[in-house]
Amino acid sequence: MTGNKDSDGGWRKFLWNSEKKEFLGRTGCSWFKILLFYIIFYGCLAGIFVGTIQAMLLTLSDYKPTYQDRVAPPGLSHTPRSDKSEISFNMSDEKTYKKYVDSLNELLKIYNESLQLDPKMFEDCEQDSTYKERGSLDSDKEAKRKACRFDRAWLSSCSGILDPAYGFKEGSPCLVVKLNRIINFRPKPPKNDSLPTTLKTMSDVIPIHCKNKRDEDADKIGPIEYFGMKGPGFPLQYYPYYGKRLHPQYLQPLVAIKFSNLTQNQELRIECKVYGENIDYSEKDRYQGRFDVKITVKS
């Protein structure tokens, strides 16, 4: 019993020594010095961290990327998109393709003519044939750049105006394709020797071409139609893009692709590519300058 009391007394004395006025073996002055040290120490660490971040922010611009020398060529994206790039639907069952129609409607709603009437924000660019220069990224930073109008009616039967089902009801689905945005990027038209023999040479667009991915699908794809401002390609006058701050209402040019006579009840794999002198392809990125999609039309 005596040993336990001595032990208990030792612990109590360690927690609070009334004779030396110590708490956990230290006086109040000692605890104050330790606390002050760590406040200063961690305050200095926080100051170094904040100072480093501020120094980095001083090198960045709100209007253009500081370093753009290693930016990859733009990706080629398509709508509708689905898991694993597979589009499968039953042409006689609206429920199976409703999600595809909804995604196309969502994409194209900003291309309605009624939203592009303001002459301070939009301008017609149909007569132009090269890049639409609107100053540098560093000049007149407060002025918003005008955007070229893009009329969804140019997409013809894939616009959703003439056919609200975008061809899915007839088994002739549409894909709407666009190049992803890269600030100040100017895609260059391809050289003739890099184009497929079936592709018409056009000097003022970045052409796009689709074909069967697998040899066994060559006779099952049928004719492919392209709709856009200048047919199967992205017009140069829609470039460059000046970023969200300077170009908030910018509309990417679109190309609609319609597969008019796909073989039904078979999975068909189709690859689409854009061609440009400064557009490359990567095995690591399946959407860099191209994409492939599997389409199954069930009757």
# chains A, B, ... in the order shown; residues from 1 in each chain; ligands from 1

$ closest_atom_pairs --of "segment 184-267 of chain A" --to "segment 110-120 of chain A" --cutoff "12 Å" --atoms "only C-alpha atoms" --output "CSV"
residue,atom,partner,partner_atom,distance
A:Gln249,CA,A:Gln116,CA,9.1
A:Tyr250,CA,A:Ile110,CA,10.2
A:Leu251,CA,A:Tyr111,CA,7.6
A:Gln252,CA,A:Tyr111,CA,9.5
A:Pro253,CA,A:Tyr111,CA,9.9
A:Leu254,CA,A:Tyr111,CA,9.9

$ write_last_selection --atoms "all heavy atoms" --output "short mmCIF file (atom, residue, chain, number, x, y, z; two decimals), in the first residue's frame"
data_model
loop_
_atom_site.label_atom_id
_atom_site.label_comp_id
_atom_site.auth_asym_id
_atom_site.auth_seq_id
_atom_site.Cartn_x
_atom_site.Cartn_y
_atom_site.Cartn_z
N GLN A 249 -17.05 34.66 -74.88
CA GLN A 249 -18.17 34.17 -75.69
C GLN A 249 -17.68 33.37 -76.91
O GLN A 249 -18.46 33.09 -77.82
CB GLN A 249 -19.07 35.32 -76.15
CG GLN A 249 -18.46 36.23 -77.20
CD GLN A 249 -17.46 37.22 -76.62
OE1 GLN A 249 -17.25 37.26 -75.42
NE2 GLN A 249 -16.83 38.01 -77.47
N TYR A 250 -16.42 32.99 -76.92
CA TYR A 250 -15.83 32.27 -78.05
C TYR A 250 -16.59 30.99 -78.35
O TYR A 250 -16.96 30.22 -77.45
CB TYR A 250 -14.37 31.94 -77.74
CG TYR A 250 -13.69 31.07 -78.76
CD1 TYR A 250 -13.27 31.58 -79.97
CD2 TYR A 250 -13.45 29.72 -78.50
CE1 TYR A 250 -12.62 30.78 -80.91
CE2 TYR A 250 -12.82 28.91 -79.42
CZ TYR A 250 -12.41 29.44 -80.63
OH TYR A 250 -11.78 28.64 -81.55
N LEU A 251 -16.84 30.76 -79.63
CA LEU A 251 -17.52 29.55 -80.08
C LEU A 251 -16.54 28.73 -80.93
O LEU A 251 -16.02 29.22 -81.94
CB LEU A 251 -18.75 29.89 -80.92
CG LEU A 251 -19.89 30.61 -80.18
CD1 LEU A 251 -20.98 31.01 -81.16
CD2 LEU A 251 -20.46 29.74 -79.07
N GLN A 252 -16.29 27.51 -80.51
CA GLN A 252 -15.44 26.64 -81.30
C GLN A 252 -16.16 26.22 -82.59
O GLN A 252 -17.34 25.93 -82.56
CB GLN A 252 -15.09 25.38 -80.50
CG GLN A 252 -14.21 25.66 -79.29
CD GLN A 252 -14.27 24.54 -78.28
OE1 GLN A 252 -15.09 24.57 -77.37
NE2 GLN A 252 -13.42 23.54 -78.43
N PRO A 253 -15.45 26.19 -83.70
CA PRO A 253 -16.08 25.70 -84.93
C PRO A 253 -16.38 24.21 -84.80
O PRO A 253 -15.63 23.46 -84.17
CB PRO A 253 -15.02 25.97 -86.00
CG PRO A 253 -13.73 25.98 -85.25
CD PRO A 253 -14.03 26.56 -83.90
N LEU A 254 -17.47 23.80 -85.39
CA LEU A 254 -17.92 22.41 -85.29
C LEU A 254 -17.96 21.77 -86.68
O LEU A 254 -18.15 22.45 -87.69
CB LEU A 254 -19.31 22.33 -84.67
CG LEU A 254 -19.50 23.00 -83.30
CD1 LEU A 254 -20.97 22.92 -82.89
CD2 LEU A 254 -18.61 22.36 -82.26
#

$ residues_around --residues "Asp128 of chain A" --least-positions-apart "3" --cutoff "10 Å" --atoms "only C-alpha atoms" --output "JSON, numbers by chain"
{"A": [124, 125, 131, 132, 204, 235, 236, 237, 238]}

$ residues_around --residues "segment 216-233 of chain A" --least-positions-apart "5" --cutoff "6 Å" --atoms "only C-alpha atoms" --output "PyMOL selection string"
chain A and resi 154-155+205-208+255-263

$ select_by_dssp --residues "segment 115-192 of chain A" --states "helix (DSSP H, G or I)" --output "short mmCIF file (atom, residue, chain, number, x, y, z; two decimals) with N, CA, C and O atoms, in the first residue's frame"
data_model
loop_
_atom_site.label_atom_id
_atom_site.label_comp_id
_atom_site.auth_asym_id
_atom_site.auth_seq_id
_atom_site.Cartn_x
_atom_site.Cartn_y
_atom_site.Cartn_z
N LEU A 115 -28.58 33.78 -79.71
CA LEU A 115 -27.58 34.12 -78.70
C LEU A 115 -26.36 34.80 -79.30
O LEU A 115 -25.43 35.15 -78.58
N ARG A 152 -25.63 27.08 -86.08
CA ARG A 152 -25.82 25.64 -86.00
C ARG A 152 -26.54 25.09 -87.23
O ARG A 152 -26.45 23.89 -87.52
N ALA A 153 -27.22 25.96 -87.98
CA ALA A 153 -27.90 25.52 -89.20
C ALA A 153 -26.90 25.01 -90.24
O ALA A 153 -27.28 24.24 -91.14
N TRP A 154 -25.62 25.43 -90.13
CA TRP A 154 -24.60 24.93 -91.06
C TRP A 154 -24.40 23.43 -90.91
O TRP A 154 -23.85 22.79 -91.81
N LEU A 155 -24.82 22.87 -89.79
CA LEU A 155 -24.67 21.43 -89.58
C LEU A 155 -25.75 20.63 -90.26
O LEU A 155 -25.81 19.41 -90.11
N SER A 156 -26.64 21.31 -90.97
CA SER A 156 -27.65 20.69 -91.83
C SER A 156 -28.50 19.67 -91.05
O SER A 156 -29.07 19.99 -90.02
N SER A 157 -28.56 18.45 -91.54
CA SER A 157 -29.42 17.43 -90.91
C SER A 157 -28.90 16.99 -89.55
O SER A 157 -29.58 16.23 -88.84
N CYS A 158 -27.70 17.44 -89.18
CA CYS A 158 -27.15 17.12 -87.85
C CYS A 158 -27.24 18.31 -86.90
O CYS A 158 -26.62 18.31 -85.84
N PHE A 168 -30.66 9.39 -85.29
CA PHE A 168 -30.68 8.13 -84.53
C PHE A 168 -31.94 7.32 -84.83
O PHE A 168 -31.90 6.09 -84.87
N LYS A 169 -33.03 7.98 -85.05
CA LYS A 169 -34.30 7.29 -85.30
C LYS A 169 -34.25 6.50 -86.60
O LYS A 169 -34.89 5.44 -86.72
N GLU A 170 -33.48 6.97 -87.58
CA GLU A 170 -33.38 6.28 -88.87
C GLU A 170 -32.15 5.37 -88.93
O GLU A 170 -31.88 4.76 -89.97
N ASN A 192 0.06 18.55 -98.71
CA ASN A 192 -0.70 17.62 -99.55
C ASN A 192 -0.27 16.17 -99.38
O ASN A 192 -1.10 15.25 -99.44
#

$ select_by_dssp --residues "segment 93-287 of chain A" --states "strand (DSSP E)" --output "PyMOL selection string"
chain A and resi 122-123+147-148+174-179+205-212+224-227+233-235+255-259+267-274

$ write_last_selection --atoms "C-alpha atoms" --output "compact mmCIF listing (two decimals), in the first residue's frame"
# COMPACT_ATOMS: atom_id res chain seq x y z
CA PHE A 122 -19.96 38.64 -82.29
CA GLU A 123 -19.03 39.22 -85.91
CA ALA A 147 -16.04 36.00 -81.49
CA CYS A 148 -16.93 34.65 -84.90
CA CYS A 174 -24.64 12.11 -86.19
CA LEU A 175 -21.48 12.96 -84.30
CA VAL A 176 -20.52 16.59 -83.69
CA VAL A 177 -16.78 17.09 -83.51
CA LYS A 178 -14.59 19.94 -82.26
CA LEU A 179 -10.94 20.66 -81.59
CA VAL A 205 -9.41 24.65 -93.14
CA ILE A 206 -8.06 21.94 -90.90
CA PRO A 207 -9.61 18.91 -92.61
CA ILE A 208 -11.12 15.92 -90.86
CA HIS A 209 -11.56 12.45 -92.27
CA CYS A 210 -13.23 9.33 -90.91
CA LYS A 211 -12.88 5.73 -92.03
CA ASN A 212 -13.12 2.18 -90.78
CA ILE A 224 -20.03 9.44 -94.57
CA GLU A 225 -21.31 13.02 -94.82
CA TYR A 226 -19.63 16.08 -93.31
CA PHE A 227 -21.40 19.32 -92.43
CA GLY A 233 -12.90 20.87 -91.77
CA PHE A 234 -12.36 23.54 -89.13
CA PRO A 235 -12.04 27.06 -90.66
CA VAL A 255 -18.05 19.68 -87.89
CA ALA A 256 -20.97 17.25 -87.95
CA ILE A 257 -20.37 13.74 -89.23
CA LYS A 258 -23.30 11.65 -90.38
CA PHE A 259 -23.06 7.92 -91.00
CA GLU A 267 -20.26 -3.44 -83.84
CA LEU A 268 -18.39 -1.11 -86.18
CA ARG A 269 -15.20 0.67 -85.19
CA ILE A 270 -14.61 4.04 -86.83
CA GLU A 271 -11.57 6.32 -86.59
CA CYS A 272 -11.60 10.06 -87.29
CA LYS A 273 -8.50 12.23 -87.68
CA VAL A 274 -7.76 15.88 -88.24

$ closest_residue --among "A:Ala143, A:Ser172, A:Ile182, A:Lys213" --to "Arg245 of chain A" --atoms "only C-alpha atoms"
A:Ala143

$ closest_residue --among "A:Pro80, A:Pro187, A:Pro65, A:Pro73" --to "Tyr287 of chain A" --atoms "only C-alpha atoms"
A:Pro73

$ atom_distance --atom1 "atom CA of Pro189 of chain A" --atom2 "atom CA of Asp62 of chain A"
29.6 Å

$ atom_distance --atom1 "atom CA of Phe89 of chain A" --atom2 "atom CA of Ile295 of chain A"
8.5 Å

$ residues_around --residues "Lys188 of chain A" --least-positions-apart "4" --cutoff "6 Å" --atoms "only C-alpha atoms" --output "tab-separated table (two decimals) with all heavy atoms, in the first residue's frame"
chain	number	residue	atom	x	y	z
A	276	GLY	N	-3.13	18.40	-89.88
A	276	GLY	CA	-2.53	19.72	-89.81
A	276	GLY	C	-1.03	19.60	-89.67
A	276	GLY	O	-0.52	18.61	-89.12
A	277	GLU	N	-0.32	20.60	-90.14
A	277	GLU	CA	1.14	20.56	-90.10
A	277	GLU	C	1.66	20.52	-88.66
A	277	GLU	O	2.70	19.91	-88.39
A	277	GLU	CB	1.70	21.77	-90.85
A	277	GLU	CG	3.20	21.72	-91.05
A	277	GLU	CD	3.72	22.88	-91.88
A	277	GLU	OE1	2.93	23.48	-92.62
A	277	GLU	OE2	4.93	23.18	-91.77
A	278	ASN	N	0.95	21.14	-87.74
A	278	ASN	CA	1.37	21.15	-86.34
A	278	ASN	C	0.43	20.34	-85.45
A	278	ASN	O	0.29	20.63	-84.27
A	278	ASN	CB	1.51	22.58	-85.82
A	278	ASN	CG	0.23	23.39	-86.01
A	278	ASN	OD1	-0.69	22.99	-86.71
A	278	ASN	ND2	0.18	24.56	-85.38

$ residues_around --residues "Ser136 of chain A" --least-positions-apart "6" --cutoff "10 Å" --atoms "only C-alpha atoms" --output "PyMOL selection string"
chain A and resi 64+184+242

$ write_last_selection --atoms "C-alpha atoms" --output "short mmCIF file (atom, residue, chain, number, x, y, z; two decimals), in the first residue's frame"
data_model
loop_
_atom_site.label_atom_id
_atom_site.label_comp_id
_atom_site.auth_asym_id
_atom_site.auth_seq_id
_atom_site.Cartn_x
_atom_site.Cartn_y
_atom_site.Cartn_z
CA LYS A 64 -1.94 33.74 -71.19
CA ASN A 184 -3.12 31.37 -78.88
CA TYR A 242 -7.68 34.31 -76.53
#

$ atom_distance --atom1 "atom CA of Ser85 of chain A" --atom2 "atom CA of Asp292 of chain A"
7.4 Å
